[in-house]
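The file work.cif contains mmCIF, N, CA and C atoms:
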```cif
data_start
#
loop_
_atom_site.label_atom_id
_atom_site.label_comp_id
_atom_site.auth_asym_id
_atom_site.auth_seq_id
_atom_site.Cartn_x
_atom_site.Cartn_y
_atom_site.Cartn_z
N CYS A 1 0.84 -1.18 0.00
CA CYS A 1 0.00 0.00 0.00
C CYS A 1 0.88 1.24 0.00
N PRO A 2 0.55 2.34 -0.55
CA PRO A 2 -0.68 2.60 -1.25
C PRO A 2 -0.68 2.12 -2.70
N SER A 3 0.46 1.70 -3.23
CA SER A 3 0.51 1.34 -4.65
C SER A 3 -0.32 0.11 -4.97
N ASP A 4 -0.50 -0.81 -4.01
CA ASP A 4 -1.24 -2.02 -4.31
C ASP A 4 -2.60 -2.08 -3.62
N CYS A 5 -3.03 -1.01 -2.96
CA CYS A 5 -4.33 -0.98 -2.30
C CYS A 5 -5.31 -0.17 -3.14
N PRO A 6 -6.56 -0.59 -3.19
CA PRO A 6 -7.56 0.21 -3.91
C PRO A 6 -7.72 1.56 -3.21
N LEU A 7 -7.77 2.62 -3.99
CA LEU A 7 -7.83 3.97 -3.42
C LEU A 7 -9.16 4.27 -2.73
N ASP A 8 -10.21 3.52 -3.06
CA ASP A 8 -11.51 3.79 -2.46
C ASP A 8 -11.78 2.91 -1.24
N LYS A 9 -10.78 2.20 -0.74
CA LYS A 9 -10.92 1.35 0.45
C LYS A 9 -10.07 1.91 1.58
N LYS A 10 -10.47 1.63 2.83
CA LYS A 10 -9.72 2.10 4.00
C LYS A 10 -8.43 1.31 4.13
N ASP A 11 -7.31 2.04 4.23
CA ASP A 11 -6.01 1.41 4.45
C ASP A 11 -5.16 2.20 5.43
N GLY A 12 -5.73 3.26 6.02
CA GLY A 12 -4.99 4.06 6.99
C GLY A 12 -4.12 5.13 6.37
N ILE A 13 -4.16 5.26 5.04
CA ILE A 13 -3.32 6.24 4.35
C ILE A 13 -4.23 7.16 3.54
N CYS A 14 -4.14 8.44 3.80
CA CYS A 14 -4.94 9.42 3.07
C CYS A 14 -4.18 9.86 1.82
N ILE A 15 -4.75 9.57 0.65
CA ILE A 15 -4.20 10.04 -0.62
C ILE A 15 -5.06 11.25 -1.02
N LYS A 16 -4.47 12.44 -0.90
CA LYS A 16 -5.25 13.66 -1.09
C LYS A 16 -5.10 14.25 -2.49
N ASP A 17 -4.90 13.38 -3.49
CA ASP A 17 -4.77 13.85 -4.87
C ASP A 17 -6.15 14.02 -5.50
N ALA A 18 -6.26 14.97 -6.41
CA ALA A 18 -7.49 15.13 -7.17
C ALA A 18 -7.46 14.12 -8.31
N ASP A 19 -7.88 12.89 -7.99
CA ASP A 19 -7.82 11.80 -8.96
C ASP A 19 -9.19 11.22 -9.29
N GLY A 20 -10.24 11.88 -8.80
CA GLY A 20 -11.59 11.41 -9.08
C GLY A 20 -12.06 10.33 -8.13
N ILE A 21 -11.24 9.96 -7.15
CA ILE A 21 -11.60 8.91 -6.19
C ILE A 21 -11.56 9.50 -4.79
N CYS A 22 -12.66 9.37 -4.06
CA CYS A 22 -12.72 9.85 -2.69
C CYS A 22 -12.05 8.82 -1.78
N ASP A 23 -10.96 9.20 -1.15
CA ASP A 23 -10.25 8.29 -0.24
C ASP A 23 -10.92 8.35 1.13
N PRO A 24 -11.45 7.22 1.61
CA PRO A 24 -12.16 7.23 2.89
C PRO A 24 -11.25 7.45 4.10
N ASP A 25 -9.94 7.41 3.90
CA ASP A 25 -9.01 7.63 5.00
C ASP A 25 -8.75 9.12 5.25
N CYS A 26 -9.22 9.98 4.36
CA CYS A 26 -8.96 11.42 4.49
C CYS A 26 -10.01 12.09 5.37
N LEU A 27 -9.57 13.12 6.09
CA LEU A 27 -10.48 13.92 6.90
C LEU A 27 -11.28 14.86 5.99
N PRO A 28 -12.40 15.37 6.49
CA PRO A 28 -13.20 16.29 5.69
C PRO A 28 -12.36 17.47 5.21
N GLY A 29 -12.48 17.76 3.93
CA GLY A 29 -11.78 18.88 3.33
C GLY A 29 -10.36 18.59 2.89
N VAL A 30 -9.84 17.38 3.14
CA VAL A 30 -8.47 17.06 2.77
C VAL A 30 -8.39 16.55 1.34
N ASP A 31 -9.25 15.59 0.97
CA ASP A 31 -9.28 15.05 -0.39
C ASP A 31 -10.30 15.84 -1.20
N PRO A 32 -9.87 16.54 -2.25
CA PRO A 32 -10.81 17.36 -3.02
C PRO A 32 -11.89 16.54 -3.72
N ASP A 33 -11.70 15.22 -3.83
CA ASP A 33 -12.70 14.38 -4.48
C ASP A 33 -13.83 13.98 -3.55
N CYS A 34 -13.71 14.27 -2.27
CA CYS A 34 -14.73 13.89 -1.30
C CYS A 34 -15.63 15.08 -0.99
N SER A 35 -16.91 14.82 -0.92
CA SER A 35 -17.81 15.88 -0.46
C SER A 35 -17.90 15.77 1.05
N GLN A 36 -18.37 16.79 1.70
CA GLN A 36 -18.47 16.79 3.17
C GLN A 36 -19.35 15.65 3.65
N THR A 37 -20.43 15.33 2.94
CA THR A 37 -21.34 14.28 3.40
C THR A 37 -20.70 12.90 3.28
N VAL A 38 -19.84 12.69 2.28
CA VAL A 38 -19.17 11.39 2.14
C VAL A 38 -18.25 11.16 3.32
N ASN A 39 -17.46 12.17 3.68
CA ASN A 39 -16.53 12.01 4.80
C ASN A 39 -17.28 11.84 6.12
N GLN A 40 -18.42 12.47 6.26
CA GLN A 40 -19.14 12.35 7.52
C GLN A 40 -19.70 10.95 7.71
N THR A 41 -20.02 10.25 6.63
CA THR A 41 -20.56 8.90 6.77
C THR A 41 -19.49 7.90 7.16
N ILE A 42 -18.22 8.25 7.00
CA ILE A 42 -17.13 7.35 7.34
C ILE A 42 -16.95 7.27 8.85
N THR A 43 -17.18 8.38 9.55
CA THR A 43 -16.97 8.41 10.99
C THR A 43 -18.06 7.61 11.68
N PRO A 44 -17.68 6.60 12.49
CA PRO A 44 -18.69 5.78 13.16
C PRO A 44 -19.48 6.58 14.19
N ASN A 45 -20.60 6.04 14.58
CA ASN A 45 -21.45 6.66 15.58
C ASN A 45 -20.68 6.75 16.90
N ALA A 46 -20.60 7.92 17.45
CA ALA A 46 -19.80 8.12 18.66
C ALA A 46 -20.31 7.28 19.82
N SER A 47 -21.61 7.19 19.99
CA SER A 47 -22.13 6.45 21.14
C SER A 47 -21.90 4.95 20.99
N ALA A 48 -21.87 4.43 19.77
CA ALA A 48 -21.67 3.00 19.55
C ALA A 48 -20.23 2.58 19.80
N SER A 49 -19.28 3.46 19.61
CA SER A 49 -17.87 3.08 19.72
C SER A 49 -17.22 3.47 21.04
N GLY A 50 -17.92 4.17 21.91
CA GLY A 50 -17.29 4.66 23.14
C GLY A 50 -16.56 5.96 22.90
N CYS A 51 -16.71 6.52 21.73
CA CYS A 51 -16.06 7.77 21.38
C CYS A 51 -16.62 8.89 22.25
N GLY A 52 -15.73 9.73 22.71
CA GLY A 52 -16.15 10.86 23.52
C GLY A 52 -15.91 10.65 25.00
N ASN A 53 -15.29 9.51 25.35
CA ASN A 53 -15.04 9.24 26.77
C ASN A 53 -13.71 9.83 27.25
N GLY A 54 -13.01 10.55 26.36
CA GLY A 54 -11.76 11.19 26.74
C GLY A 54 -10.54 10.28 26.67
N ILE A 55 -10.72 9.04 26.24
CA ILE A 55 -9.62 8.08 26.13
C ILE A 55 -9.55 7.59 24.69
N CYS A 56 -8.36 7.67 24.11
CA CYS A 56 -8.17 7.16 22.75
C CYS A 56 -7.95 5.65 22.85
N ASP A 57 -9.05 4.91 22.76
CA ASP A 57 -9.00 3.46 22.88
C ASP A 57 -8.37 2.83 21.65
N SER A 58 -8.01 1.55 21.75
CA SER A 58 -7.35 0.85 20.64
C SER A 58 -8.25 0.73 19.42
N THR A 59 -9.56 0.88 19.60
CA THR A 59 -10.48 0.80 18.47
C THR A 59 -10.74 2.16 17.84
N GLU A 60 -10.15 3.22 18.40
CA GLU A 60 -10.39 4.58 17.91
C GLU A 60 -9.14 5.15 17.26
N THR A 61 -9.36 6.04 16.31
CA THR A 61 -8.28 6.78 15.66
C THR A 61 -8.71 8.24 15.56
N TYR A 62 -7.81 9.08 15.08
CA TYR A 62 -8.16 10.48 14.84
C TYR A 62 -9.30 10.58 13.84
N LEU A 63 -9.34 9.67 12.87
CA LEU A 63 -10.40 9.68 11.87
C LEU A 63 -11.74 9.30 12.48
N SER A 64 -11.76 8.22 13.27
CA SER A 64 -13.02 7.72 13.80
C SER A 64 -13.50 8.49 15.03
N CYS A 65 -12.58 9.07 15.79
CA CYS A 65 -12.98 9.77 17.01
C CYS A 65 -11.99 10.89 17.34
N PRO A 66 -12.05 12.01 16.63
CA PRO A 66 -11.12 13.11 16.91
C PRO A 66 -11.31 13.72 18.31
N GLN A 67 -12.47 13.46 18.94
CA GLN A 67 -12.68 13.97 20.30
C GLN A 67 -11.71 13.31 21.29
N ASP A 68 -11.42 12.02 21.07
CA ASP A 68 -10.55 11.28 21.99
C ASP A 68 -9.11 11.16 21.50
N CYS A 69 -8.92 11.08 20.20
CA CYS A 69 -7.59 10.87 19.62
C CYS A 69 -7.14 12.14 18.91
N PRO A 70 -6.19 12.86 19.49
CA PRO A 70 -5.75 14.12 18.87
C PRO A 70 -4.94 13.87 17.59
N SER A 71 -4.93 14.86 16.74
CA SER A 71 -4.11 14.80 15.53
C SER A 71 -2.65 14.67 15.93
N GLY A 72 -1.93 13.80 15.24
CA GLY A 72 -0.52 13.61 15.51
C GLY A 72 -0.24 12.61 16.61
N GLY A 73 -1.29 11.99 17.17
CA GLY A 73 -1.09 10.99 18.21
C GLY A 73 -0.87 9.60 17.62
N LYS A 74 -0.25 8.71 18.38
CA LYS A 74 -0.02 7.34 17.93
C LYS A 74 -1.31 6.55 18.15
N ASP A 75 -2.06 6.40 17.07
CA ASP A 75 -3.34 5.71 17.15
C ASP A 75 -3.55 4.73 16.00
N GLY A 76 -2.49 4.47 15.25
CA GLY A 76 -2.60 3.54 14.13
C GLY A 76 -3.15 4.17 12.87
N TYR A 77 -3.31 5.49 12.87
CA TYR A 77 -3.86 6.19 11.70
C TYR A 77 -2.99 7.39 11.37
N CYS A 78 -2.55 7.46 10.14
CA CYS A 78 -1.78 8.62 9.67
C CYS A 78 -2.77 9.67 9.19
N ASP A 79 -2.89 10.76 9.96
CA ASP A 79 -3.88 11.77 9.56
C ASP A 79 -3.36 12.74 8.52
N GLY A 80 -2.05 12.92 8.42
CA GLY A 80 -1.49 13.80 7.39
C GLY A 80 -1.92 15.25 7.51
N VAL A 81 -2.36 15.66 8.69
CA VAL A 81 -2.83 17.03 8.91
C VAL A 81 -1.64 17.93 9.24
N LYS A 82 -1.57 19.10 8.59
CA LYS A 82 -0.51 20.07 8.88
C LYS A 82 -0.90 20.81 10.15
N ASP A 83 -0.35 20.31 11.28
CA ASP A 83 -0.70 20.86 12.58
C ASP A 83 0.51 21.10 13.46
N GLY A 84 1.71 21.00 12.87
CA GLY A 84 2.92 21.20 13.65
C GLY A 84 3.36 19.98 14.43
N ILE A 85 2.67 18.85 14.24
CA ILE A 85 3.01 17.61 14.95
C ILE A 85 3.30 16.52 13.92
N CYS A 86 4.46 15.90 14.00
CA CYS A 86 4.80 14.79 13.11
C CYS A 86 4.09 13.55 13.61
N ASP A 87 3.13 13.06 12.85
CA ASP A 87 2.34 11.89 13.24
C ASP A 87 3.21 10.63 13.20
N PRO A 88 3.38 9.93 14.34
CA PRO A 88 4.23 8.74 14.36
C PRO A 88 3.66 7.57 13.56
N ASP A 89 2.39 7.66 13.16
CA ASP A 89 1.78 6.59 12.38
C ASP A 89 2.04 6.75 10.88
N CYS A 90 2.61 7.86 10.48
CA CYS A 90 2.84 8.13 9.06
C CYS A 90 4.16 7.55 8.59
N GLN A 91 4.16 7.15 7.32
CA GLN A 91 5.40 6.73 6.69
C GLN A 91 6.07 7.98 6.13
N LYS A 92 7.29 7.80 5.64
CA LYS A 92 8.06 8.92 5.11
C LYS A 92 7.24 9.70 4.07
N ASN A 93 7.24 11.00 4.18
CA ASN A 93 6.59 11.95 3.26
C ASN A 93 5.07 11.90 3.29
N GLN A 94 4.44 11.28 4.29
CA GLN A 94 2.97 11.27 4.37
C GLN A 94 2.43 12.44 5.19
N ASP A 95 3.21 12.92 6.15
CA ASP A 95 2.77 14.01 7.01
C ASP A 95 3.64 15.23 6.71
N PRO A 96 3.03 16.35 6.31
CA PRO A 96 3.84 17.53 5.97
C PRO A 96 4.61 18.09 7.17
N ASP A 97 4.25 17.68 8.39
CA ASP A 97 4.96 18.16 9.57
C ASP A 97 6.23 17.37 9.87
N CYS A 98 6.39 16.24 9.21
CA CYS A 98 7.59 15.43 9.43
C CYS A 98 8.67 15.91 8.48
N ALA A 99 9.67 16.57 9.02
CA ALA A 99 10.78 17.06 8.19
C ALA A 99 11.58 15.87 7.70
N ALA A 100 12.10 15.99 6.49
CA ALA A 100 12.94 14.93 5.95
C ALA A 100 14.17 14.79 6.82
N ALA A 101 14.56 13.55 7.03
CA ALA A 101 15.76 13.30 7.85
C ALA A 101 16.97 13.87 7.14
N PRO A 102 17.87 14.50 7.87
CA PRO A 102 19.06 15.05 7.23
C PRO A 102 19.87 13.95 6.56
N ALA A 103 20.47 14.28 5.43
CA ALA A 103 21.25 13.29 4.69
C ALA A 103 22.44 12.82 5.50
N ARG A 104 23.01 13.69 6.29
CA ARG A 104 24.18 13.33 7.09
C ARG A 104 23.93 13.78 8.52
N ALA A 105 24.13 12.89 9.45
CA ALA A 105 23.91 13.22 10.86
C ALA A 105 24.96 14.23 11.33
N GLU A 106 24.56 15.04 12.28
CA GLU A 106 25.48 16.01 12.86
C GLU A 106 26.65 15.27 13.50
N THR A 107 27.85 15.77 13.28
CA THR A 107 29.03 15.18 13.90
C THR A 107 29.03 15.54 15.37
N ASP A 108 29.34 14.59 16.19
CA ASP A 108 29.37 14.79 17.63
C ASP A 108 30.49 15.77 17.98
N ASN A 109 30.20 16.75 18.83
CA ASN A 109 31.20 17.76 19.23
C ASN A 109 32.37 17.13 19.95
N THR A 110 32.13 16.06 20.69
CA THR A 110 33.21 15.39 21.41
C THR A 110 34.26 14.88 20.43
N ALA A 111 33.82 14.31 19.32
CA ALA A 111 34.75 13.80 18.31
C ALA A 111 35.57 14.95 17.72
N ARG A 112 34.93 16.07 17.46
CA ARG A 112 35.65 17.24 16.91
C ARG A 112 36.70 17.74 17.89
N ILE A 113 36.34 17.81 19.15
CA ILE A 113 37.29 18.28 20.17
C ILE A 113 38.46 17.32 20.29
N LEU A 114 38.17 16.02 20.27
CA LEU A 114 39.24 15.01 20.37
C LEU A 114 40.21 15.11 19.20
N ILE A 115 39.69 15.25 18.00
CA ILE A 115 40.55 15.38 16.81
C ILE A 115 41.41 16.64 16.90
N ALA A 116 40.81 17.75 17.32
CA ALA A 116 41.57 19.00 17.46
C ALA A 116 42.65 18.87 18.52
N ALA A 117 42.35 18.18 19.62
CA ALA A 117 43.34 18.00 20.69
C ALA A 117 44.50 17.14 20.21
N ILE A 118 44.21 16.07 19.49
CA ILE A 118 45.28 15.20 18.96
C ILE A 118 46.15 15.98 17.99
N PHE A 119 45.53 16.74 17.11
CA PHE A 119 46.27 17.55 16.15
C PHE A 119 47.15 18.58 16.87
N GLY A 120 46.61 19.19 17.92
CA GLY A 120 47.38 20.17 18.71
C GLY A 120 48.58 19.54 19.40
N VAL A 121 48.40 18.34 19.95
CA VAL A 121 49.51 17.65 20.62
C VAL A 121 50.60 17.31 19.61
N ILE A 122 50.21 16.85 18.43
CA ILE A 122 51.19 16.52 17.38
C ILE A 122 51.98 17.77 16.99
N LEU A 123 51.28 18.89 16.80
CA LEU A 123 51.97 20.15 16.46
C LEU A 123 52.91 20.58 17.58
N LEU A 124 52.50 20.39 18.82
CA LEU A 124 53.34 20.75 19.96
C LEU A 124 54.63 19.91 19.96
N PHE A 125 54.51 18.60 19.73
CA PHE A 125 55.70 17.75 19.67
C PHE A 125 56.62 18.13 18.52
N ILE A 126 56.07 18.47 17.38
CA ILE A 126 56.89 18.90 16.24
C ILE A 126 57.63 20.18 16.59
N ALA A 127 56.93 21.14 17.19
CA ALA A 127 57.56 22.41 17.57
C ALA A 127 58.67 22.19 18.59
N LEU A 128 58.43 21.34 19.59
CA LEU A 128 59.47 21.04 20.58
C LEU A 128 60.67 20.35 19.94
N PHE A 129 60.42 19.43 19.03
CA PHE A 129 61.50 18.72 18.34
C PHE A 129 62.36 19.70 17.55
N VAL A 130 61.72 20.61 16.82
CA VAL A 130 62.45 21.61 16.03
C VAL A 130 63.25 22.52 16.96
N MET A 131 62.67 22.95 18.06
CA MET A 131 63.38 23.84 18.99
C MET A 131 64.58 23.14 19.62
N ILE A 132 64.44 21.88 19.98
CA ILE A 132 65.56 21.13 20.57
C ILE A 132 66.67 20.97 19.54
N LYS A 133 66.34 20.66 18.30
CA LYS A 133 67.34 20.52 17.24
C LYS A 133 68.07 21.84 17.01
N MET A 134 67.32 22.95 16.99
CA MET A 134 67.94 24.25 16.77
C MET A 134 68.86 24.62 17.93
N LYS A 135 68.46 24.31 19.16
CA LYS A 135 69.28 24.62 20.32
C LYS A 135 70.55 23.76 20.31
N ALA A 136 70.41 22.50 19.90
CA ALA A 136 71.58 21.61 19.84
C ALA A 136 72.57 22.10 18.80
N ARG A 137 72.12 22.60 17.68
CA ARG A 137 73.01 23.11 16.63
C ARG A 137 73.70 24.39 17.08
N SER A 138 72.97 25.22 17.81
CA SER A 138 73.56 26.49 18.25
C SER A 138 74.61 26.27 19.34
N GLU A 139 74.52 25.17 20.09
CA GLU A 139 75.50 24.88 21.13
C GLU A 139 76.77 24.27 20.55
N GLN A 140 76.75 23.78 19.37
CA GLN A 140 77.93 23.14 18.77
C GLN A 140 78.90 24.12 18.26
#
```

Would you encode the structure as structure tokens?
Amino acid sequence: CPSDCPLDKKDGICIKDADGICDPDCLPGVDPDCSQTVNQTITPNASASGCGNGICDSTETYLSCPQDCPSGGKDGYCDGVKDGICDPDCQKNQDPDCAAAPARAETDNTARILIAAIFGVILLFIALFVMIKMKARSEQ
């Protein structure tokens, strides 16, 4: 999924392209192919599911019960909502709030300091060696 899943079936991934197919995983107003009434019929009856009790149960998601499951929470549903929270249920590039991982990790400052210290010690030994040689020549 999504390449091998039918776009009109629930798979937990909202495809918000204008492709003529209403994706039932999208929230109201996210998929331009869905009308408001289509998206409203996807949300189960709150009283039948325990929705609204203030607890995001294992049977609830942001899609099925936004009252209990906040956007960006770990509920098994990638909401893909731009809300400043990277949804842990989303795969790479599904949530606009999830910044792309940097290509190269930041180098640890400890490693930089250690390399600089080793380089400094080597330079110090070279300078001392040159000074000792020069002093020995001047004494001859």

Which polymer residues have any atom within 7 Å of an atom of Asp75 in chain A, counting only N, CA and C atoms, with same-chain residues fewer than 3 positions away left out, as a PDB file with N, CA and C atoms, keeping the file's coordinate frame?
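Result written to result23.pdb:
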```pdb
ATOM      1  N   GLU A  60     -10.150   3.220  18.400  1.00  0.00           N
ATOM      2  CA  GLU A  60     -10.390   4.580  17.910  1.00  0.00           C
ATOM      3  C   GLU A  60      -9.140   5.150  17.260  1.00  0.00           C
ATOM      4  N   THR A  61      -9.360   6.040  16.310  1.00  0.00           N
ATOM      5  CA  THR A  61      -8.280   6.780  15.660  1.00  0.00           C
ATOM      6  C   THR A  61      -8.710   8.240  15.560  1.00  0.00           C
ATOM      7  N   TYR A  62      -7.810   9.080  15.080  1.00  0.00           N
ATOM      8  CA  TYR A  62      -8.160  10.480  14.840  1.00  0.00           C
ATOM      9  C   TYR A  62      -9.300  10.580  13.840  1.00  0.00           C
ATOM     10  N   GLY A  72      -1.930  13.800  15.240  1.00  0.00           N
ATOM     11  CA  GLY A  72      -0.520  13.610  15.510  1.00  0.00           C
ATOM     12  C   GLY A  72      -0.240  12.610  16.610  1.00  0.00           C
ATOM     13  N   CYS A  78      -2.550   7.460  10.140  1.00  0.00           N
ATOM     14  CA  CYS A  78      -1.780   8.620   9.670  1.00  0.00           C
ATOM     15  C   CYS A  78      -2.770   9.670   9.190  1.00  0.00           C
ATOM     16  N   PRO A  88       3.380   9.930  14.340  1.00  0.00           N
ATOM     17  CA  PRO A  88       4.230   8.740  14.360  1.00  0.00           C
ATOM     18  C   PRO A  88       3.660   7.570  13.560  1.00  0.00           C
ATOM     19  N   ASP A  89       2.390   7.660  13.160  1.00  0.00           N
ATOM     20  CA  ASP A  89       1.780   6.590  12.380  1.00  0.00           C
ATOM     21  C   ASP A  89       2.040   6.750  10.880  1.00  0.00           C
TER      22      ASP A  89
END
```

Worksheet item: What gap, in Å, lies between CA of Leu123 in chain A and CA of Gln140 in chain A?
Response: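 Going from CA of Leu123 in chain A over to CA of Gln140 in chain A covers 26.2 Å.
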
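Atom pair CA of Asp95 in chain A / CA of Val30 in chain A has a distance of 12.4 Å (rounded to one decimal).
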
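Atom C of Lys16 in chain A sits 22.1 Å away from atom N of Lys74 in chain A.
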
Item to complete: Report the residues retrieved by the PyMOL selection byres (((chain A and resi 63 and name CA) around 8) and name CA) from the displayed file, expressed as JSON, numbers by chain.
Response: {"A": [25, 26, 27, 43, 60, 61, 62, 64, 65, 66, 77, 79]}

Discussion item. Expand the PyMOL selection byres (((chain A and resi 10 and name CA) around 6) and name CA) into the explicit residue set it covers here, and present it as a count of residues only.
Written reply: 5

Practice prompt. Return as a count of residues only the set of residues that the PyMOL selection byres ((chain A and resi 18) around 8) yields on the displayed structure.
Written response: 10
